[in-house]
Amino acid sequence: MLIDINALTIKTLCNALCKHVWDSLKNDIRSNPRLYLLHDREEPLPDGSYKRITSTLRHYLLQVSITDHRHCLTNLLLGYSTFRSLSLHGVPDEARVCRACLIHRETPEHAILQCSADLCTVTQRAELFDTIGITLPKTLSDDAAIFYLKKIIFHWDWVPHTARFVHSVTATWWDMCAKKATVGDKQLVLDEDDDMMEDMGDADMVDQALYVAGL
Ligand SMILES: [Zn+2]
């Protein structure tokens, strides 16, 4: 009853509401396959340590100063990218064959870290790992590719280099694949009106919302 409301009950209600909101947010992220790069994320801190934080001003928003690089990385984290991925609604996994090697399923981590069919991507990849000073295993399983992609994104000092690399590789693949993309035996001619570009537009809106939420 309103007559029972006092400072203590208001504080208790606020705490309960906050807990409900954060739990709901965490469940939404955990249950969304498009957000697989955010699952079990630990936030890197300036001292090199990591901490599980539901909502904060994320390290890449602070560390990646070039807007295009930051947007490209944000879109990747939200499951929107040039690479065949969950962006292509309704396309079954088996139809998402890599447009460079024509063998592996095309995922962001495959294009960024595994595929060796495009020389430009391979060169950019080697430059990144030379810059950050770690050695990428010559053979990467799919799980290892996700592990290393998260490793180079969720690092306080590496993330500007990673964002530049992701932006470059995205541009390379866009040039390579934008004119024609094969989905199964159907040819799609991509232009500025196609679904992928609409997805990127949606991503910008989601991007803005998640900036506010601190995701
Ligand atoms: Zn490939």
# chains A, B, ... in the order shown; residues from 1 in each chain; ligands from 1

call {"tool": "residues_near_ligand", "arguments": {"ligand": "ligand 1", "cutoff": "9 Å", "atoms": "only C-alpha atoms and all ligand atoms", "output": "PyMOL selection string"}}
result
chain A and resi 97-107+110-111+114-118

call {"tool": "write_last_selection", "arguments": {"atoms": "C-alpha atoms", "output": "PDB file, in the first residue's frame"}}
result
ATOM      1  CA  VAL A  97      29.895 -21.905 -48.431  1.00  0.00           C
ATOM      2  CA  CYS A  98      32.921 -19.611 -48.312  1.00  0.00           C
ATOM      3  CA  ARG A  99      33.052 -17.506 -51.451  1.00  0.00           C
ATOM      4  CA  ALA A 100      36.858 -17.485 -51.391  1.00  0.00           C
ATOM      5  CA  CYS A 101      37.836 -21.123 -50.826  1.00  0.00           C
ATOM      6  CA  LEU A 102      34.462 -22.653 -51.794  1.00  0.00           C
ATOM      7  CA  ILE A 103      35.017 -25.350 -49.148  1.00  0.00           C
ATOM      8  CA  HIS A 104      34.403 -24.204 -45.599  1.00  0.00           C
ATOM      9  CA  ARG A 105      31.237 -22.693 -44.168  1.00  0.00           C
ATOM     10  CA  GLU A 106      31.640 -18.933 -44.410  1.00  0.00           C
ATOM     11  CA  THR A 107      31.570 -17.406 -40.965  1.00  0.00           C
ATOM     12  CA  HIS A 110      36.589 -18.318 -40.947  1.00  0.00           C
ATOM     13  CA  ALA A 111      37.023 -15.312 -43.237  1.00  0.00           C
ATOM     14  CA  GLN A 114      41.007 -19.395 -41.084  1.00  0.00           C
ATOM     15  CA  CYS A 115      40.601 -18.922 -44.818  1.00  0.00           C
ATOM     16  CA  SER A 116      43.788 -18.829 -46.849  1.00  0.00           C
ATOM     17  CA  ALA A 117      42.210 -18.455 -50.287  1.00  0.00           C
ATOM     18  CA  ASP A 118      42.468 -14.678 -50.490  1.00  0.00           C
TER      19      ASP A 118
END

call {"tool": "select_by_dssp", "arguments": {"residues": "segment 19-186 of chain A", "states": "strand (DSSP E)", "output": "list in words"}}
result
Glu43, Pro44, Tyr50, Lys51, Ala181, Thr182, Val183 and Lys186 of chain A

call {"tool": "write_last_selection", "arguments": {"atoms": "C-alpha atoms", "output": "short mmCIF file (atom, residue, chain, number, x, y, z; two decimals), in the first residue's frame"}}
result
data_model
loop_
_atom_site.label_atom_id
_atom_site.label_comp_id
_atom_site.auth_asym_id
_atom_site.auth_seq_id
_atom_site.Cartn_x
_atom_site.Cartn_y
_atom_site.Cartn_z
CA GLU A 43 35.52 -6.92 -20.05
CA PRO A 44 39.23 -6.11 -20.43
CA TYR A 50 39.37 -8.91 -16.89
CA LYS A 51 36.04 -8.52 -15.14
CA ALA A 181 27.03 -13.84 -54.34
CA THR A 182 25.88 -17.39 -54.71
CA VAL A 183 23.33 -18.80 -52.32
CA LYS A 186 20.72 -18.95 -56.94
#

call {"tool": "closest_atom_pairs", "arguments": {"of": "segment 99-181 of chain A", "to": "segment 59-67 of chain A", "cutoff": "10 Å", "atoms": "only C-alpha atoms", "output": "CSV"}}
result
residue,atom,partner,partner_atom,distance
A:Ile153,CA,A:Tyr60,CA,8.1
A:Phe154,CA,A:His59,CA,8.0
A:His155,CA,A:His59,CA,8.2
A:Trp156,CA,A:His59,CA,6.4
A:Asp157,CA,A:Gln63,CA,7.7
A:Trp158,CA,A:Gln63,CA,9.0
A:Val159,CA,A:Tyr60,CA,6.4
A:Pro160,CA,A:Val64,CA,4.8
A:His161,CA,A:Val64,CA,8.5
A:Thr162,CA,A:Val64,CA,9.2
A:Ala163,CA,A:Val64,CA,7.1
A:Arg164,CA,A:Ile66,CA,8.5

call {"tool": "write_last_selection", "arguments": {"atoms": "C-alpha atoms", "output": "PDB file, in the first residue's frame"}}
result
ATOM      1  CA  ILE A 153      38.881  -8.299 -29.824  1.00  0.00           C
ATOM      2  CA  PHE A 154      38.629  -8.438 -26.044  1.00  0.00           C
ATOM      3  CA  HIS A 155      42.088  -7.098 -25.296  1.00  0.00           C
ATOM      4  CA  TRP A 156      42.562  -3.575 -24.016  1.00  0.00           C
ATOM      5  CA  ASP A 157      45.670  -2.787 -26.121  1.00  0.00           C
ATOM      6  CA  TRP A 158      45.084  -4.950 -29.195  1.00  0.00           C
ATOM      7  CA  VAL A 159      41.567  -3.874 -30.028  1.00  0.00           C
ATOM      8  CA  PRO A 160      42.489  -0.796 -32.157  1.00  0.00           C
ATOM      9  CA  HIS A 161      44.697  -3.026 -34.339  1.00  0.00           C
ATOM     10  CA  THR A 162      42.005  -5.682 -34.455  1.00  0.00           C
ATOM     11  CA  ALA A 163      39.354  -3.154 -35.449  1.00  0.00           C
ATOM     12  CA  ARG A 164      41.570  -1.802 -38.265  1.00  0.00           C
TER      13      ARG A 164
END

call {"tool": "atom_distance", "arguments": {"atom1": "atom CA of Met176 of chain A", "atom2": "atom CA of Thr82 of chain A"}}
result
10.5 Å

call {"tool": "decode", "arguments": {"residues": "segment 71-183 of chain A", "atoms": "C-alpha atoms", "output": "mmCIF file, in the first residue's frame"}}
result
data_model
loop_
_atom_site.group_PDB
_atom_site.id
_atom_site.type_symbol
_atom_site.label_atom_id
_atom_site.label_comp_id
_atom_site.auth_asym_id
_atom_site.auth_seq_id
_atom_site.Cartn_x
_atom_site.Cartn_y
_atom_site.Cartn_z
ATOM 1 C CA HIS A 71 31.378 0.712 -36.316
ATOM 2 C CA CYS A 72 32.745 -2.241 -38.272
ATOM 3 C CA LEU A 73 33.795 -4.014 -35.074
ATOM 4 C CA THR A 74 30.478 -3.200 -33.395
ATOM 5 C CA ASN A 75 28.559 -4.637 -36.340
ATOM 6 C CA LEU A 76 30.661 -7.787 -36.189
ATOM 7 C CA LEU A 77 29.966 -8.187 -32.470
ATOM 8 C CA LEU A 78 26.250 -7.773 -33.147
ATOM 9 C CA GLY A 79 26.244 -10.444 -35.858
ATOM 10 C CA TYR A 80 26.118 -8.121 -38.856
ATOM 11 C CA SER A 81 28.930 -8.320 -41.367
ATOM 12 C CA THR A 82 29.860 -8.681 -45.012
ATOM 13 C CA PHE A 83 30.621 -12.314 -44.375
ATOM 14 C CA ARG A 84 27.939 -14.888 -44.853
ATOM 15 C CA SER A 85 26.541 -15.324 -41.421
ATOM 16 C CA LEU A 86 23.333 -14.904 -39.533
ATOM 17 C CA SER A 87 22.924 -11.680 -41.498
ATOM 18 C CA LEU A 88 21.542 -13.732 -44.348
ATOM 19 C CA HIS A 89 18.201 -14.620 -42.878
ATOM 20 C CA GLY A 90 16.792 -17.961 -43.832
ATOM 21 C CA VAL A 91 19.950 -19.268 -45.522
ATOM 22 C CA PRO A 92 20.772 -22.717 -44.113
ATOM 23 C CA ASP A 93 24.264 -23.371 -42.769
ATOM 24 C CA GLU A 94 25.135 -25.827 -45.520
ATOM 25 C CA ALA A 95 24.444 -23.168 -48.175
ATOM 26 C CA ARG A 96 26.794 -20.654 -46.614
ATOM 27 C CA VAL A 97 29.895 -21.905 -48.431
ATOM 28 C CA CYS A 98 32.921 -19.611 -48.312
ATOM 29 C CA ARG A 99 33.052 -17.506 -51.451
ATOM 30 C CA ALA A 100 36.858 -17.485 -51.391
ATOM 31 C CA CYS A 101 37.836 -21.123 -50.826
ATOM 32 C CA LEU A 102 34.462 -22.653 -51.794
ATOM 33 C CA ILE A 103 35.017 -25.350 -49.148
ATOM 34 C CA HIS A 104 34.403 -24.204 -45.599
ATOM 35 C CA ARG A 105 31.237 -22.693 -44.168
ATOM 36 C CA GLU A 106 31.640 -18.933 -44.410
ATOM 37 C CA THR A 107 31.570 -17.406 -40.965
ATOM 38 C CA PRO A 108 33.234 -14.212 -39.760
ATOM 39 C CA GLU A 109 35.893 -16.183 -37.876
ATOM 40 C CA HIS A 110 36.589 -18.318 -40.947
ATOM 41 C CA ALA A 111 37.023 -15.312 -43.237
ATOM 42 C CA ILE A 112 39.020 -13.347 -40.678
ATOM 43 C CA LEU A 113 41.284 -16.069 -39.254
ATOM 44 C CA GLN A 114 41.007 -19.395 -41.084
ATOM 45 C CA CYS A 115 40.601 -18.922 -44.818
ATOM 46 C CA SER A 116 43.788 -18.829 -46.849
ATOM 47 C CA ALA A 117 42.210 -18.455 -50.287
ATOM 48 C CA ASP A 118 42.468 -14.678 -50.490
ATOM 49 C CA LEU A 119 46.064 -13.428 -50.518
ATOM 50 C CA CYS A 120 45.168 -9.912 -49.375
ATOM 51 C CA THR A 121 43.375 -11.266 -46.291
ATOM 52 C CA VAL A 122 46.276 -13.595 -45.505
ATOM 53 C CA THR A 123 48.729 -10.689 -45.746
ATOM 54 C CA GLN A 124 46.597 -8.424 -43.542
ATOM 55 C CA ARG A 125 46.213 -11.241 -41.019
ATOM 56 C CA ALA A 126 49.962 -11.824 -40.851
ATOM 57 C CA GLU A 127 50.566 -8.103 -40.351
ATOM 58 C CA LEU A 128 48.072 -7.985 -37.459
ATOM 59 C CA PHE A 129 49.564 -10.913 -35.594
ATOM 60 C CA ASP A 130 53.067 -9.583 -36.190
ATOM 61 C CA THR A 131 51.963 -6.231 -34.721
ATOM 62 C CA ILE A 132 50.342 -7.654 -31.584
ATOM 63 C CA GLY A 133 53.138 -10.178 -31.134
ATOM 64 C CA ILE A 134 51.343 -13.490 -30.944
ATOM 65 C CA THR A 135 51.553 -16.503 -33.217
ATOM 66 C CA LEU A 136 48.388 -17.910 -34.713
ATOM 67 C CA PRO A 137 48.445 -21.724 -35.029
ATOM 68 C CA LYS A 138 48.768 -22.834 -38.653
ATOM 69 C CA THR A 139 45.674 -24.987 -38.339
ATOM 70 C CA LEU A 140 42.672 -23.608 -36.498
ATOM 71 C CA SER A 141 39.585 -25.588 -35.599
ATOM 72 C CA ASP A 142 36.287 -23.714 -35.751
ATOM 73 C CA ASP A 143 36.215 -23.430 -31.953
ATOM 74 C CA ALA A 144 39.809 -22.209 -31.902
ATOM 75 C CA ALA A 145 38.997 -19.599 -34.547
ATOM 76 C CA ILE A 146 36.205 -18.228 -32.349
ATOM 77 C CA PHE A 147 38.567 -18.331 -29.356
ATOM 78 C CA TYR A 148 41.268 -16.343 -31.158
ATOM 79 C CA LEU A 149 38.795 -13.885 -32.651
ATOM 80 C CA LYS A 150 37.438 -13.129 -29.172
ATOM 81 C CA LYS A 151 40.993 -13.017 -27.831
ATOM 82 C CA ILE A 152 42.107 -10.287 -30.250
ATOM 83 C CA ILE A 153 38.881 -8.299 -29.824
ATOM 84 C CA PHE A 154 38.629 -8.438 -26.044
ATOM 85 C CA HIS A 155 42.088 -7.098 -25.296
ATOM 86 C CA TRP A 156 42.562 -3.575 -24.016
ATOM 87 C CA ASP A 157 45.670 -2.787 -26.121
ATOM 88 C CA TRP A 158 45.084 -4.950 -29.195
ATOM 89 C CA VAL A 159 41.567 -3.874 -30.028
ATOM 90 C CA PRO A 160 42.489 -0.796 -32.157
ATOM 91 C CA HIS A 161 44.697 -3.026 -34.339
ATOM 92 C CA THR A 162 42.005 -5.682 -34.455
ATOM 93 C CA ALA A 163 39.354 -3.154 -35.449
ATOM 94 C CA ARG A 164 41.570 -1.802 -38.265
ATOM 95 C CA PHE A 165 42.200 -5.362 -39.452
ATOM 96 C CA VAL A 166 38.510 -6.333 -39.350
ATOM 97 C CA HIS A 167 37.649 -3.156 -41.259
ATOM 98 C CA SER A 168 40.290 -3.922 -43.922
ATOM 99 C CA VAL A 169 39.265 -7.540 -44.307
ATOM 100 C CA THR A 170 35.611 -6.541 -44.486
ATOM 101 C CA ALA A 171 36.410 -4.074 -47.280
ATOM 102 C CA THR A 172 38.467 -6.700 -49.101
ATOM 103 C CA TRP A 173 35.675 -9.253 -48.927
ATOM 104 C CA TRP A 174 33.072 -6.691 -49.858
ATOM 105 C CA ASP A 175 35.034 -5.858 -53.013
ATOM 106 C CA MET A 176 35.537 -9.535 -53.755
ATOM 107 C CA CYS A 177 31.965 -10.633 -53.128
ATOM 108 C CA ALA A 178 29.660 -7.636 -53.456
ATOM 109 C CA LYS A 179 28.866 -7.874 -57.152
ATOM 110 C CA LYS A 180 27.678 -11.421 -57.169
ATOM 111 C CA ALA A 181 27.030 -13.844 -54.339
ATOM 112 C CA THR A 182 25.880 -17.386 -54.710
ATOM 113 C CA VAL A 183 23.330 -18.797 -52.319
#
